[in-house]
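Data file: structure17.txt. Format and content: compact mmCIF, C-alpha atoms.
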```txt
# COMPACT_ATOMS: atom_id res chain seq x y z
CA MET A 266 83.73 -86.02 -22.67
CA THR A 267 86.14 -88.62 -24.05
CA ARG A 268 84.95 -92.17 -23.42
CA VAL A 269 87.52 -94.85 -22.56
CA PHE A 270 86.96 -98.61 -22.47
CA SER A 271 89.36 -101.41 -21.62
CA GLY A 272 89.32 -104.78 -19.92
CA VAL A 273 91.25 -107.67 -18.44
CA LYS A 274 90.75 -111.33 -19.25
CA PRO A 275 90.50 -113.77 -16.29
CA THR A 276 92.72 -116.47 -17.76
CA GLY A 277 95.34 -116.27 -14.99
CA HIS A 278 96.41 -114.28 -11.95
CA LEU A 279 97.05 -110.63 -12.81
CA THR A 280 100.72 -109.75 -13.13
CA LEU A 281 103.12 -106.88 -12.72
CA GLY A 282 102.82 -106.43 -16.48
CA ASN A 283 99.06 -105.94 -16.17
CA TYR A 284 99.58 -103.36 -13.44
CA LEU A 285 102.36 -101.32 -15.05
CA GLY A 286 100.97 -101.65 -18.55
CA ALA A 287 97.32 -100.97 -17.78
CA LEU A 288 95.79 -100.90 -14.30
CA ARG A 289 97.91 -98.14 -12.85
CA GLN A 290 97.27 -95.83 -15.79
CA TRP A 291 93.55 -96.55 -15.57
CA ALA A 292 93.53 -95.58 -11.89
CA GLU A 293 95.91 -92.62 -11.96
CA ILE A 294 94.97 -91.04 -15.30
CA ASP A 295 92.10 -92.46 -17.32
CA GLN A 296 89.32 -92.51 -14.73
CA HIS A 297 90.01 -88.85 -13.93
CA ARG A 298 90.18 -87.49 -17.48
CA ALA A 299 87.41 -89.45 -19.21
CA ASP A 300 84.10 -91.22 -18.94
CA ALA A 301 85.81 -94.56 -18.35
CA LEU A 302 84.53 -98.14 -18.33
CA PHE A 303 86.71 -101.04 -17.15
CA CYS A 304 85.56 -104.60 -17.55
CA VAL A 305 86.56 -108.14 -16.62
CA VAL A 306 86.03 -109.79 -20.02
CA ASP A 307 85.12 -113.25 -18.77
CA LEU A 308 83.52 -114.41 -22.04
CA HIS A 309 86.95 -114.20 -23.66
CA ALA A 310 88.25 -116.80 -21.19
CA LEU A 311 86.00 -119.43 -22.77
CA THR A 312 87.74 -119.59 -26.15
CA VAL A 313 90.12 -122.38 -25.04
CA HIS A 314 89.92 -125.33 -22.66
CA HIS A 315 89.16 -124.01 -19.16
CA ASP A 316 87.98 -124.99 -15.69
CA PRO A 317 84.64 -123.25 -15.04
CA ALA A 318 85.26 -122.90 -11.30
CA ARG A 319 88.67 -121.35 -11.96
CA VAL A 320 87.20 -118.83 -14.42
CA ARG A 321 84.66 -117.73 -11.80
CA ARG A 322 87.37 -117.49 -9.13
CA LEU A 323 89.74 -115.51 -11.35
CA THR A 324 86.91 -113.22 -12.50
CA ARG A 325 86.19 -112.23 -8.90
CA GLN A 326 89.89 -111.86 -8.14
CA ALA A 327 90.43 -109.65 -11.20
CA ALA A 328 87.47 -107.43 -10.31
CA THR A 329 88.74 -107.11 -6.75
CA LEU A 330 92.22 -106.20 -7.97
CA LEU A 331 90.83 -103.54 -10.30
CA LEU A 332 89.30 -101.88 -7.27
CA ALA A 333 92.39 -102.50 -5.13
CA SER A 334 94.51 -100.82 -7.82
CA GLY A 335 92.60 -97.60 -7.32
CA LEU A 336 89.61 -97.69 -9.64
CA ASP A 337 86.85 -95.70 -7.94
CA PRO A 338 83.22 -96.63 -8.76
CA GLU A 339 82.33 -92.98 -8.17
CA LEU A 340 84.64 -91.98 -11.02
CA CYS A 341 84.40 -94.91 -13.46
CA THR A 342 82.31 -97.95 -14.30
CA VAL A 343 83.65 -101.36 -13.21
CA PHE A 344 81.73 -104.45 -14.29
CA VAL A 345 81.86 -108.01 -15.63
CA GLN A 346 81.33 -108.51 -19.37
CA SER A 347 78.87 -111.41 -19.13
CA HIS A 348 76.60 -109.34 -16.88
CA VAL A 349 75.78 -107.04 -19.82
CA ASP A 350 73.94 -108.84 -22.65
CA GLU A 351 74.65 -106.09 -25.16
CA HIS A 352 78.17 -107.46 -25.72
CA THR A 353 76.91 -110.72 -27.21
CA ARG A 354 73.93 -109.07 -28.91
CA LEU A 355 76.24 -106.78 -30.83
CA SER A 356 78.88 -109.42 -31.47
CA TYR A 357 76.65 -111.38 -33.83
CA LEU A 358 75.79 -108.27 -35.84
CA LEU A 359 79.48 -107.53 -36.26
CA GLU A 360 80.14 -111.13 -37.31
CA CYS A 361 77.75 -110.35 -40.17
CA VAL A 362 80.04 -107.47 -41.15
CA ALA A 363 83.45 -109.10 -40.56
CA THR A 364 85.07 -111.49 -43.03
CA ASP A 365 86.64 -114.91 -42.62
CA GLY A 366 89.94 -113.59 -43.97
CA GLU A 367 90.10 -110.86 -41.34
CA MET A 368 89.64 -113.38 -38.55
CA ARG A 369 92.28 -115.76 -39.83
CA ARG A 370 94.84 -112.96 -40.08
CA MET A 371 94.59 -112.17 -36.37
CA ILE A 372 97.99 -112.79 -34.76
CA GLN A 373 96.64 -114.37 -31.60
CA TYR A 374 94.59 -116.89 -33.57
CA LYS A 375 97.71 -117.83 -35.52
CA GLU A 376 99.61 -118.29 -32.24
CA LYS A 377 96.97 -120.03 -30.13
CA SER A 378 95.36 -122.41 -32.62
CA PRO A 379 98.56 -124.45 -33.19
CA ARG A 380 99.02 -124.72 -29.40
CA GLU A 381 95.49 -126.05 -29.02
CA ARG A 382 96.09 -128.64 -31.73
CA ALA A 383 99.45 -129.60 -30.21
CA ARG A 384 97.84 -130.38 -26.86
CA GLY A 385 95.41 -132.72 -28.60
CA GLY A 386 92.37 -130.48 -28.55
CA SER A 387 90.24 -129.09 -31.32
CA VAL A 388 90.24 -125.37 -32.01
CA ARG A 389 87.03 -123.74 -30.83
CA LEU A 390 85.20 -121.49 -33.27
CA SER A 391 85.17 -118.80 -30.58
CA LEU A 392 88.97 -118.61 -30.74
CA LEU A 393 88.59 -117.52 -34.36
CA THR A 394 85.73 -115.09 -33.79
CA TYR A 395 86.53 -113.57 -30.39
CA PRO A 396 88.16 -110.46 -31.94
CA VAL A 397 84.65 -109.60 -33.16
CA LEU A 398 83.37 -109.90 -29.59
CA MET A 399 86.22 -107.62 -28.54
CA ALA A 400 85.11 -105.14 -31.18
CA ALA A 401 81.57 -105.34 -29.77
CA ASP A 402 82.96 -104.69 -26.28
CA ILE A 403 84.46 -101.47 -27.59
CA LEU A 404 81.82 -100.25 -30.03
CA ALA A 405 78.81 -100.82 -27.78
CA TYR A 406 79.85 -97.89 -25.60
CA GLY A 407 80.70 -95.28 -28.22
CA THR A 408 84.32 -95.62 -27.15
CA ASP A 409 86.81 -92.98 -28.26
CA GLU A 410 90.00 -94.49 -26.80
CA VAL A 411 91.07 -98.02 -25.88
CA PRO A 412 94.17 -98.16 -23.66
CA VAL A 413 95.84 -101.46 -24.58
CA GLY A 414 99.25 -103.05 -24.83
CA ASP A 415 100.90 -103.15 -28.23
CA ASP A 416 99.96 -106.82 -28.65
CA GLN A 417 96.28 -105.82 -28.72
CA THR A 418 96.41 -102.94 -31.19
CA GLN A 419 95.51 -105.25 -34.08
CA HIS A 420 92.18 -105.97 -32.38
CA VAL A 421 91.44 -102.27 -31.96
CA GLU A 422 92.23 -101.79 -35.66
CA LEU A 423 89.65 -104.48 -36.43
CA ALA A 424 87.09 -102.61 -34.29
CA ARG A 425 87.86 -99.47 -36.28
CA ASP A 426 87.44 -101.28 -39.60
CA LEU A 427 84.13 -102.86 -38.55
CA ALA A 428 82.79 -99.53 -37.27
CA VAL A 429 83.64 -97.78 -40.53
CA ARG A 430 82.20 -100.62 -42.62
CA PHE A 431 78.97 -100.81 -40.61
CA ASN A 432 78.53 -97.03 -40.74
CA HIS A 433 79.10 -97.00 -44.50
CA ARG A 434 76.65 -99.82 -45.23
CA TYR A 435 73.87 -99.13 -42.75
CA GLY A 436 74.18 -95.52 -41.62
CA HIS A 437 76.26 -93.84 -38.96
CA THR A 438 75.92 -95.88 -35.76
CA PHE A 439 79.34 -96.31 -34.15
CA THR A 440 82.15 -94.06 -32.98
CA VAL A 441 85.47 -95.08 -34.59
CA PRO A 442 87.87 -95.73 -31.67
CA LYS A 443 91.63 -95.48 -31.44
CA ALA A 444 94.19 -97.43 -29.38
CA THR A 445 96.33 -95.63 -26.80
CA ALA A 446 99.30 -96.95 -24.83
CA PRO A 447 101.39 -95.77 -21.85
CA LYS A 448 104.83 -94.40 -22.75
CA VAL A 449 106.94 -96.65 -20.49
CA ALA A 450 106.43 -100.32 -19.55
CA ALA A 451 103.54 -100.81 -21.93
CA ARG A 452 104.80 -104.36 -22.36
CA VAL A 453 106.64 -105.81 -19.35
CA MET A 454 108.62 -108.89 -20.35
CA ASN A 455 109.12 -112.27 -18.70
CA LEU A 456 112.04 -112.15 -16.25
CA GLN A 457 113.36 -115.51 -17.48
CA ASP A 458 112.66 -114.90 -21.17
CA PRO A 459 112.85 -111.15 -21.80
CA THR A 460 111.87 -111.59 -25.44
CA SER A 461 108.38 -112.79 -24.35
CA LYS A 462 105.63 -110.84 -22.63
CA MET A 463 104.97 -111.39 -18.93
CA GLY A 464 101.60 -113.07 -19.43
CA LYS A 465 98.85 -114.29 -17.12
CA SER A 466 98.82 -117.73 -18.76
CA GLN A 467 102.35 -118.39 -17.49
CA ASP A 468 101.06 -118.97 -13.96
CA ALA A 469 103.76 -121.28 -12.67
CA GLY A 470 106.93 -119.59 -13.89
CA PRO A 471 109.70 -117.79 -12.01
CA GLY A 472 109.70 -115.14 -14.73
CA VAL A 473 106.22 -113.85 -13.84
CA VAL A 474 105.54 -111.54 -10.89
CA HIS A 475 101.91 -111.71 -9.79
CA LEU A 476 100.22 -108.81 -8.05
CA LEU A 477 99.48 -110.96 -5.02
CA ASP A 478 102.95 -112.52 -4.70
CA GLU A 479 104.47 -112.19 -1.22
CA PRO A 480 107.42 -109.74 -0.95
CA ASP A 481 109.98 -112.55 -0.52
CA VAL A 482 108.64 -114.26 -3.65
CA ILE A 483 108.86 -111.03 -5.64
CA ARG A 484 112.39 -110.41 -4.41
CA LYS A 485 113.51 -113.94 -5.33
CA LYS A 486 112.02 -113.78 -8.84
CA ILE A 487 113.61 -110.43 -9.67
CA MET A 488 117.00 -111.33 -8.20
CA ARG A 489 117.02 -114.39 -10.47
CA ALA A 490 116.04 -112.43 -13.59
CA VAL A 491 118.00 -113.23 -16.75
CA THR A 492 120.38 -110.48 -17.86
CA ASP A 493 123.30 -111.19 -20.22
CA SER A 494 127.04 -111.89 -20.30
CA GLU A 495 128.11 -108.25 -20.39
CA GLU A 496 129.14 -106.46 -17.21
CA ASP A 497 127.99 -102.88 -17.74
CA VAL A 498 124.40 -101.73 -17.23
CA VAL A 499 123.21 -100.28 -20.55
CA TYR A 500 119.66 -99.63 -21.74
CA ASP A 501 119.35 -101.30 -25.14
CA ARG A 502 116.09 -103.15 -25.77
CA GLY A 503 117.41 -104.74 -28.96
CA SER A 504 120.72 -106.25 -27.81
CA ARG A 505 120.26 -106.27 -23.99
CA PRO A 506 116.59 -107.19 -23.45
CA GLY A 507 116.98 -108.58 -19.92
CA VAL A 508 118.68 -105.47 -18.54
CA ALA A 509 116.33 -103.22 -20.49
CA ASN A 510 113.33 -104.98 -18.98
CA LEU A 511 114.62 -104.42 -15.43
CA LEU A 512 115.38 -100.78 -16.17
CA GLU A 513 111.91 -100.24 -17.64
CA ILE A 514 110.25 -101.83 -14.62
CA LEU A 515 112.30 -99.71 -12.22
CA ALA A 516 111.71 -96.57 -14.28
CA SER A 517 107.97 -97.17 -14.30
CA CYS A 518 107.92 -97.70 -10.53
CA ARG A 519 109.84 -94.48 -9.95
CA GLY A 520 108.35 -92.34 -12.70
CA GLU A 521 111.73 -91.87 -14.40
CA GLU A 522 113.31 -92.74 -17.75
CA PRO A 523 115.17 -96.05 -18.16
CA GLU A 524 118.04 -94.45 -20.08
CA ALA A 525 118.71 -92.05 -17.22
CA LEU A 526 118.60 -94.80 -14.61
CA SER A 527 121.12 -97.00 -16.42
CA GLY A 528 123.96 -94.61 -15.68
CA GLY A 529 123.51 -95.03 -11.94
CA TYR A 530 124.45 -98.72 -11.80
CA ASP A 531 127.73 -100.56 -12.17
CA SER A 532 126.39 -104.05 -11.42
CA TYR A 533 123.37 -106.16 -12.22
CA GLY A 534 123.01 -107.12 -8.55
CA ALA A 535 122.41 -103.54 -7.45
CA LEU A 536 119.91 -102.97 -10.28
CA LYS A 537 117.99 -106.12 -9.39
CA LYS A 538 117.92 -105.25 -5.68
CA ASP A 539 116.56 -101.76 -6.32
CA THR A 540 114.03 -103.07 -8.83
CA ALA A 541 112.77 -105.71 -6.41
CA GLU A 542 112.35 -103.22 -3.56
CA ALA A 543 110.62 -100.71 -5.85
CA VAL A 544 108.13 -103.33 -7.03
CA ILE A 545 107.43 -104.54 -3.48
CA GLU A 546 106.75 -101.02 -2.23
CA MET A 547 104.60 -100.16 -5.23
CA LEU A 548 102.42 -103.25 -4.75
CA ARG A 549 102.16 -103.02 -0.97
CA PRO A 550 99.07 -100.74 -0.89
CA VAL A 551 97.41 -102.75 -3.68
CA GLN A 552 97.82 -105.97 -1.71
CA GLN A 553 96.58 -104.34 1.50
CA ARG A 554 93.48 -102.98 -0.22
CA HIS A 555 92.87 -106.37 -1.83
CA ARG A 556 92.84 -108.02 1.61
CA GLU A 557 90.34 -105.45 2.85
CA LEU A 558 88.02 -105.99 -0.12
CA CYS A 559 88.21 -109.78 0.22
CA ALA A 560 86.98 -109.39 3.78
CA ASP A 561 83.81 -107.68 2.46
CA PRO A 562 82.79 -109.57 -0.71
CA GLY A 563 79.30 -108.09 -0.59
CA ALA A 564 80.75 -104.65 -1.29
CA VAL A 565 82.51 -105.96 -4.41
CA ASP A 566 79.28 -107.62 -5.58
CA ALA A 567 77.44 -104.33 -5.17
CA VAL A 568 80.03 -102.46 -7.22
CA LEU A 569 79.75 -105.02 -10.02
CA ARG A 570 75.93 -104.94 -10.01
CA GLU A 571 75.83 -101.16 -10.15
CA GLY A 572 78.57 -101.11 -12.79
CA ALA A 573 76.68 -103.58 -15.00
CA GLU A 574 73.49 -101.55 -14.69
CA ARG A 575 75.30 -98.36 -15.65
CA ALA A 576 77.10 -100.08 -18.55
CA ARG A 577 73.83 -101.55 -19.79
CA GLY A 578 72.22 -98.13 -19.79
CA ILE A 579 75.02 -96.77 -21.98
CA ALA A 580 75.23 -99.71 -24.39
CA ARG A 581 71.59 -100.65 -24.97
CA PRO A 582 70.46 -97.60 -26.99
CA ARG A 583 73.41 -97.94 -29.37
CA VAL A 584 72.99 -101.69 -29.80
CA ASP A 585 69.25 -101.26 -30.36
CA ALA A 586 70.07 -98.65 -33.01
CA ALA A 587 72.46 -101.11 -34.68
CA TYR A 588 69.70 -103.75 -34.78
CA ARG A 589 67.36 -101.31 -36.50
CA ALA A 590 70.05 -100.08 -38.88
CA ILE A 591 71.02 -103.56 -40.10
CA GLY A 592 67.42 -104.44 -40.89
CA LEU A 593 65.98 -106.31 -37.89
CA LEU A 594 62.34 -105.81 -36.91
CA PRO A 595 62.00 -104.12 -33.48
CA ALA A 596 60.49 -106.30 -30.76
```

Kindly return the structure encoded in the file as structure tokens.
Amino acid sequence: MTRVFSGVKPTGHLTLGNYLGALRQWAEIDQHRADALFCVVDLHALTVHHDPARVRRLTRQAATLLLASGLDPELCTVFVQSHVDEHTRLSYLLECVATDGEMRRMIQYKEKSPRERARGGSVRLSLLTYPVLMAADILAYGTDEVPVGDDQTQHVELARDLAVRFNHRYGHTFTVPKATAPKVAARVMNLQDPTSKMGKSQDAGPGVVHLLDEPDVIRKKIMRAVTDSEEDVVYDRGSRPGVANLLEILASCRGEEPEALSGGYDSYGALKKDTAEAVIEMLRPVQQRHRELCADPGAVDAVLREGAERARGIARPRVDAAYRAIGLLPA
């Protein structure tokens, strides 16, 4: 059976982009067709300056939203990365296979390290090396497919390269994974800056719709979305990114194609209104289920404990095999 692994990083409140680009596909498709593992990758939140209490709070919120979005512990494995030691055990071995040049070519390191320096901080070594930890997240489970947004495909390519290199040097140990992406709305853009991704780190912006935003807040953000100076509604991601973003969001909510939807509108106002209502209705059951789960935190804790135990059982034999293959004496 195909094995799927993916995760979310608790660096901010989960957004509409996270839901349309990942969570919904995990719940509606991936957990039914594959042996699927979904993880809150909390160790990745430590690569930049952070508030420890906030990381813990966002980790719990993210795990709860994974379940509220439809992930079923009877069908898939839901857990927190730091609860499974095999991630960090394998990460160091892969650091011994990766090269400095590979790390410094990673796009996110190039983007984030100047921002850290600009805010007066030093760049943590973990910001440079965390793609290796991401590779360990993937390779520890014999993953075949990694559903990710297009901004993360470079990291999956690194995991592939490290798997091939390790297998060549030390004997076949790892499955070589591939990245997969949903066809529509794989990368939802910021409503105020449609050339930038709708990211979790942009917590306080009117261009970001969070999964737990109240309906009136969602409606206000979408009605204020940036479009352009033209009057007609045309789907053209290159020259009309704001309108294209709204059409892609609406299309993903309705299960239709953005090009087909564009012909049904003669004003931006009507498009924005329909998009807002579609998003509100889509998120309504997620928000209701989230409230129910928050009322029973013990149930969420139990899911995470059982998920970590299951994940550990899958990962440990492969990581132990990697330790033997690379030359370490068994304990």

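Ranking A:His420, A:Arg434, A:Lys462, A:Arg575 by their shortest atom-to-atom distance to Glu367 (chain A), with only C-alpha atoms included, puts A:His420 first.
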
Taking (96.7, -107.8, 1.1) in the file's coordinates, which residues come within 12 Å, counting only C-alpha atoms, written as a PDB file with C-alpha atoms, in the coordinates of the input?
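The file below, selection08.pdb, is the result:
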```pdb
ATOM      1  CA  THR A 329      88.740-107.110  -6.750  1.00  0.00           C
ATOM      2  CA  LEU A 330      92.220-106.200  -7.970  1.00  0.00           C
ATOM      3  CA  ALA A 333      92.390-102.500  -5.130  1.00  0.00           C
ATOM      4  CA  SER A 334      94.510-100.820  -7.820  1.00  0.00           C
ATOM      5  CA  LEU A 476     100.220-108.810  -8.050  1.00  0.00           C
ATOM      6  CA  LEU A 477      99.480-110.960  -5.020  1.00  0.00           C
ATOM      7  CA  ASP A 478     102.950-112.520  -4.700  1.00  0.00           C
ATOM      8  CA  GLU A 479     104.470-112.190  -1.220  1.00  0.00           C
ATOM      9  CA  PRO A 480     107.420-109.740  -0.950  1.00  0.00           C
ATOM     10  CA  LEU A 548     102.420-103.250  -4.750  1.00  0.00           C
ATOM     11  CA  ARG A 549     102.160-103.020  -0.970  1.00  0.00           C
ATOM     12  CA  PRO A 550      99.070-100.740  -0.890  1.00  0.00           C
ATOM     13  CA  VAL A 551      97.410-102.750  -3.680  1.00  0.00           C
ATOM     14  CA  GLN A 552      97.820-105.970  -1.710  1.00  0.00           C
ATOM     15  CA  GLN A 553      96.580-104.340   1.500  1.00  0.00           C
ATOM     16  CA  ARG A 554      93.480-102.980  -0.220  1.00  0.00           C
ATOM     17  CA  HIS A 555      92.870-106.370  -1.830  1.00  0.00           C
ATOM     18  CA  ARG A 556      92.840-108.020   1.610  1.00  0.00           C
ATOM     19  CA  GLU A 557      90.340-105.450   2.850  1.00  0.00           C
ATOM     20  CA  LEU A 558      88.020-105.990  -0.120  1.00  0.00           C
ATOM     21  CA  CYS A 559      88.210-109.780   0.220  1.00  0.00           C
ATOM     22  CA  ALA A 560      86.980-109.390   3.780  1.00  0.00           C
TER      23      ALA A 560
END
```

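When all atoms listed in the file are used to compute distances to Lys485 (chain A), the closest of the residues A:Ala424, A:Ala541, A:Cys304, A:Ala516 turns out to be A:Ala541.
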
So that I can check the surroundings of region 497-500 of chain A, please list as a ChimeraX atom specification every protein, DNA and RNA residue that reaches within 9 Å of it, counting only C-alpha atoms and ignoring chain neighbours fewer than 2 positions away. /A:495,502,505-506,508-510,512-513,523-533,536

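CA of Asp409 (chain A) lies 6.1 Å from CA of Thr267 (chain A).
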
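Taking CA of Gln346 (chain A) and CA of Pro317 (chain A) as the two end points, the separation is 15.7 Å.
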